[in-house]
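Have a look at run36.txt below; it lists compact mmCIF, C-alpha atoms.
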```txt
# COMPACT_ATOMS: atom_id res chain seq x y z
CA MET V 419 6.62 -3.91 -8.82
CA LEU V 420 3.53 -6.00 -9.63
CA ALA V 421 5.72 -9.08 -9.99
CA ASN V 422 7.05 -8.54 -6.45
CA LEU V 423 3.54 -8.05 -5.13
CA SER V 424 2.40 -11.22 -6.88
CA LEU V 425 5.29 -13.23 -5.39
CA HIS V 426 4.50 -11.86 -1.94
CA ALA V 427 0.82 -12.79 -2.30
CA GLN V 428 1.85 -16.31 -3.40
CA ARG V 429 4.11 -16.65 -0.33
CA ILE V 430 1.25 -15.64 1.95
CA ALA V 431 -1.15 -18.03 0.19
CA ARG V 432 1.36 -20.89 0.50
CA ALA V 433 1.80 -20.12 4.21
CA GLN V 434 -1.99 -19.93 4.71
CA THR V 435 -2.44 -23.32 3.02
CA ALA V 436 0.23 -24.88 5.25
CA TYR V 437 -1.33 -23.18 8.27
CA GLU V 438 -4.78 -24.57 7.46
CA LYS V 439 -3.39 -28.09 6.98
CA PHE V 440 -1.65 -28.08 10.34
CA MET V 441 -4.02 -26.17 12.62
CA PRO V 442 -7.35 -27.48 13.95
CA ALA V 443 -10.35 -26.22 11.97
CA GLU V 444 -11.77 -24.30 14.94
CA LEU V 445 -8.58 -22.21 15.08
CA THR V 446 -8.34 -21.59 11.34
CA GLN V 447 -11.82 -20.07 11.45
CA VAL V 448 -10.71 -17.42 13.95
CA SER V 449 -7.14 -16.81 12.79
CA ARG V 450 -5.19 -16.44 9.56
CA VAL V 451 -1.77 -15.70 8.11
CA MET V 452 -1.39 -11.94 7.77
CA ASN V 453 2.12 -11.61 6.39
CA VAL V 454 5.32 -13.42 5.53
CA LYS V 455 8.49 -11.37 5.50
CA GLN V 456 12.14 -12.40 5.77
CA GLY V 457 11.25 -15.81 7.19
CA VAL V 458 8.81 -14.44 9.78
CA VAL V 459 5.19 -15.55 9.48
CA VAL V 460 2.71 -13.26 11.23
CA VAL V 461 -0.58 -14.85 12.24
CA SER V 462 -3.62 -12.77 13.15
CA ALA V 463 -5.81 -14.01 15.99
CA SER V 464 -9.34 -12.70 16.48
CA SER V 465 -9.04 -12.55 20.28
CA SER V 466 -6.51 -12.82 23.08
CA ALA V 467 -7.86 -16.29 23.95
CA VAL V 468 -7.19 -17.49 20.41
CA ALA V 469 -3.74 -15.85 20.49
CA HIS V 470 -2.93 -17.65 23.75
CA ARG V 471 -3.90 -21.01 22.25
CA LEU V 472 -1.87 -20.30 19.11
CA LYS V 473 1.18 -19.37 21.18
CA GLN V 474 0.99 -22.79 22.86
CA LEU V 475 1.22 -24.39 19.42
CA LEU V 476 3.99 -22.13 18.03
CA PRO V 477 6.91 -24.61 18.20
CA SER V 478 4.96 -27.27 16.31
CA LEU V 479 3.47 -24.70 13.94
CA ARG V 480 6.90 -23.26 13.10
CA GLN V 481 8.25 -26.72 12.33
CA ALA V 482 5.23 -27.63 10.17
CA MET V 483 5.51 -24.36 8.26
CA GLN V 484 9.25 -24.86 7.75
CA GLU V 485 8.54 -28.25 6.22
CA SER V 486 5.81 -26.89 3.95
CA CYS V 487 7.11 -23.44 3.06
CA GLY V 488 10.82 -23.55 3.86
CA GLU V 489 12.67 -20.44 5.06
CA VAL V 490 10.38 -19.95 8.07
CA THR V 491 12.48 -18.90 11.05
CA GLU V 492 9.77 -17.54 13.32
CA VAL V 493 6.01 -17.39 13.75
CA LYS V 494 4.50 -14.39 15.53
CA VAL V 495 0.93 -14.06 16.75
CA LYS V 496 -0.89 -10.74 16.86
CA VAL V 497 -4.39 -10.03 18.10
CA GLN V 498 -6.34 -8.29 15.39
CA ALA V 499 -10.08 -8.66 15.31
CA PHE V 500 -11.50 -9.39 11.89
CA ASP V 501 -14.86 -10.32 10.53
CA PRO V 502 -15.04 -13.92 9.43
CA PRO V 503 -16.32 -14.44 5.89
CA ARG V 504 -20.06 -14.00 5.82
CA ILE V 505 -22.43 -16.20 3.90
CA ARG V 506 -24.50 -14.07 1.57
CA PRO V 507 -28.23 -14.59 1.88
CA ALA V 508 -29.93 -16.08 -1.13
CA SER V 509 -31.24 -13.44 -3.48
CA PRO V 510 -35.01 -13.25 -3.60
CA VAL V 511 -36.72 -15.09 -6.41
CA ARG V 512 -38.82 -12.74 -8.47
CA PRO V 513 -41.66 -14.01 -10.65
CA VAL V 514 -41.22 -13.82 -14.42
CA SER V 515 -44.29 -13.87 -16.66
CA VAL V 516 -44.70 -16.51 -19.36
CA PRO V 517 -44.23 -14.01 -22.24
CA ALA V 518 -41.10 -12.63 -20.55
CA ARG V 519 -39.71 -16.16 -20.07
CA LYS V 520 -40.27 -16.93 -23.75
CA ALA V 521 -38.56 -13.71 -24.80
CA VAL V 522 -35.61 -14.35 -22.48
CA LEU V 523 -35.20 -17.93 -23.71
CA GLU V 524 -35.42 -16.82 -27.35
CA GLY V 525 -32.71 -14.24 -26.74
CA ALA V 526 -30.57 -16.79 -24.90
CA ALA V 527 -30.94 -19.26 -27.79
CA ARG V 528 -29.18 -16.77 -30.08
CA LEU V 529 -26.09 -16.66 -27.85
CA ARG V 530 -23.08 -19.01 -27.95
CA GLY V 531 -23.48 -22.24 -25.99
CA ASP V 532 -20.74 -21.37 -23.49
CA SER V 533 -21.81 -17.74 -23.06
CA PRO V 534 -22.00 -16.69 -19.39
CA LEU V 535 -24.92 -14.44 -20.32
CA LYS V 536 -26.78 -17.38 -21.86
CA GLN V 537 -26.21 -19.45 -18.73
CA ALA V 538 -27.38 -16.58 -16.51
CA LEU V 539 -30.56 -16.07 -18.53
CA GLU V 540 -31.38 -19.78 -18.46
CA HIS V 541 -30.74 -19.82 -14.71
CA LEU V 542 -33.08 -16.87 -14.26
CA VAL V 543 -35.88 -18.67 -16.08
CA SER V 544 -35.31 -21.96 -14.24
CA ARG V 545 -35.46 -20.16 -10.86
CA ALA V 546 -38.64 -18.41 -11.90
CA LEU V 547 -40.18 -21.76 -12.85
CA ARG V 548 -39.24 -23.26 -9.48
CA SER V 549 -40.62 -20.24 -7.61
CA ASP V 550 -44.11 -20.57 -9.03
CA GLY V 551 -44.20 -24.34 -8.97
CA GLU V 552 -43.87 -24.57 -12.74
CA SER V 553 -47.52 -23.68 -13.05
CA GLY V 554 -46.95 -21.18 -15.83
CA GLN V 555 -48.71 -18.38 -13.99
CA ASP V 556 -48.76 -14.99 -15.71
```
Show how you would write the structure in this file as structure tokens.
Amino acid sequence: MLANLSLHAQRIARAQTAYEKFMPAELTQVSRVMNVKQGVVVVSASSSAVAHRLKQLLPSLRQAMQESCGEVTEVKVKVQAFDPPRIRPASPVRPVSVPARKAVLEGAARLRGDSPLKQALEHLVSRALRSDGESGQD
């Protein structure tokens, strides 16, 4: 069952990649491939205006997707509003005292060189240094 799900996800990803290569960037930001089943690719449009524009491009889109993905017999467009990916705001930089920095760096030094925890701790200290202008404030 998981193997089938994985194959289906790969088919959708392949179709999405082909879709993004063919379509103008302004349309790929407001639409995406929702499903691929039995040769039918279903594209989700965020509004009826986007859907109308996509429908004008369907013959060319179907041909481009056939060339990239094979076995595409039809492309359907459905209006389904979705939130575009949001950019997360930067996390606030919190000050770290000099003794705390030393303790963190000493602990990080005991970890393996490729340790994600070591890298995170070093990043924490470097951000703290940038936040206070590397003045070494307590």
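Picture a line from CA of Ala546 (chain V) to CA of Ser515 (chain V); it runs 8.7 Å.
In this model, the gap between CA of Gln484 (chain V) and CA of Glu444 (chain V) comes to 22.2 Å.
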Which residues of region 481-528 of chain V come within 12 Å of region 451-463 of chain V, and for each one, what is the closest pair of atoms and their distance in Å to one decimal, counting all atoms listed in the file, sorted by chain and residue number, as CSV?
```
residue,atom,partner,partner_atom,distance
V:Gln481,CA,V:Val459,CA,11.9
V:Met483,CA,V:Val459,CA,8.9
V:Gln484,CA,V:Gly457,CA,9.3
V:Cys487,CA,V:Gly457,CA,9.6
V:Gly488,CA,V:Gly457,CA,8.4
V:Glu489,CA,V:Gly457,CA,5.3
V:Val490,CA,V:Gly457,CA,4.3
V:Thr491,CA,V:Gly457,CA,5.1
V:Glu492,CA,V:Val458,CA,4.8
V:Val493,CA,V:Val459,CA,4.7
V:Lys494,CA,V:Val460,CA,4.8
V:Val495,CA,V:Val461,CA,4.8
V:Lys496,CA,V:Ser462,CA,5.0
V:Val497,CA,V:Ala463,CA,4.7
V:Gln498,CA,V:Ser462,CA,5.7
V:Ala499,CA,V:Ala463,CA,6.9
V:Phe500,CA,V:Ala463,CA,8.4
V:Asp501,CA,V:Ala463,CA,11.2
V:Pro502,CA,V:Ala463,CA,11.3
```
Item to check | Distance of CA of Leu476 (chain V) from CA of Phe440 (chain V), expressed in Å to one decimal place | outcome: 11.2 Å
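Take the candidates V:Leu542, V:Ala443, V:Leu472, V:Ala427 and check each one against Ser509 (chain V) using only C-alpha atoms; the shortest distance goes to V:Leu542.
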Checklist entry - Using all atoms listed in the file, which residue out of V:Arg545, V:Lys439, V:Arg480, V:Arg528 lies closest to Val514 (chain V)? => result V:Arg545
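Compared by their closest atoms to Glu524 (chain V), and using all atoms listed in the file, the residues V:Val448, V:Glu485, V:Leu539, V:Leu420 rank with V:Leu539 nearest.
Considering the residues V:Ser544, V:Ser486, V:Ser424, V:Gln537 and counting only C-alpha atoms, Tyr437 (chain V) has its shortest atom-to-atom contact with V:Ser486.
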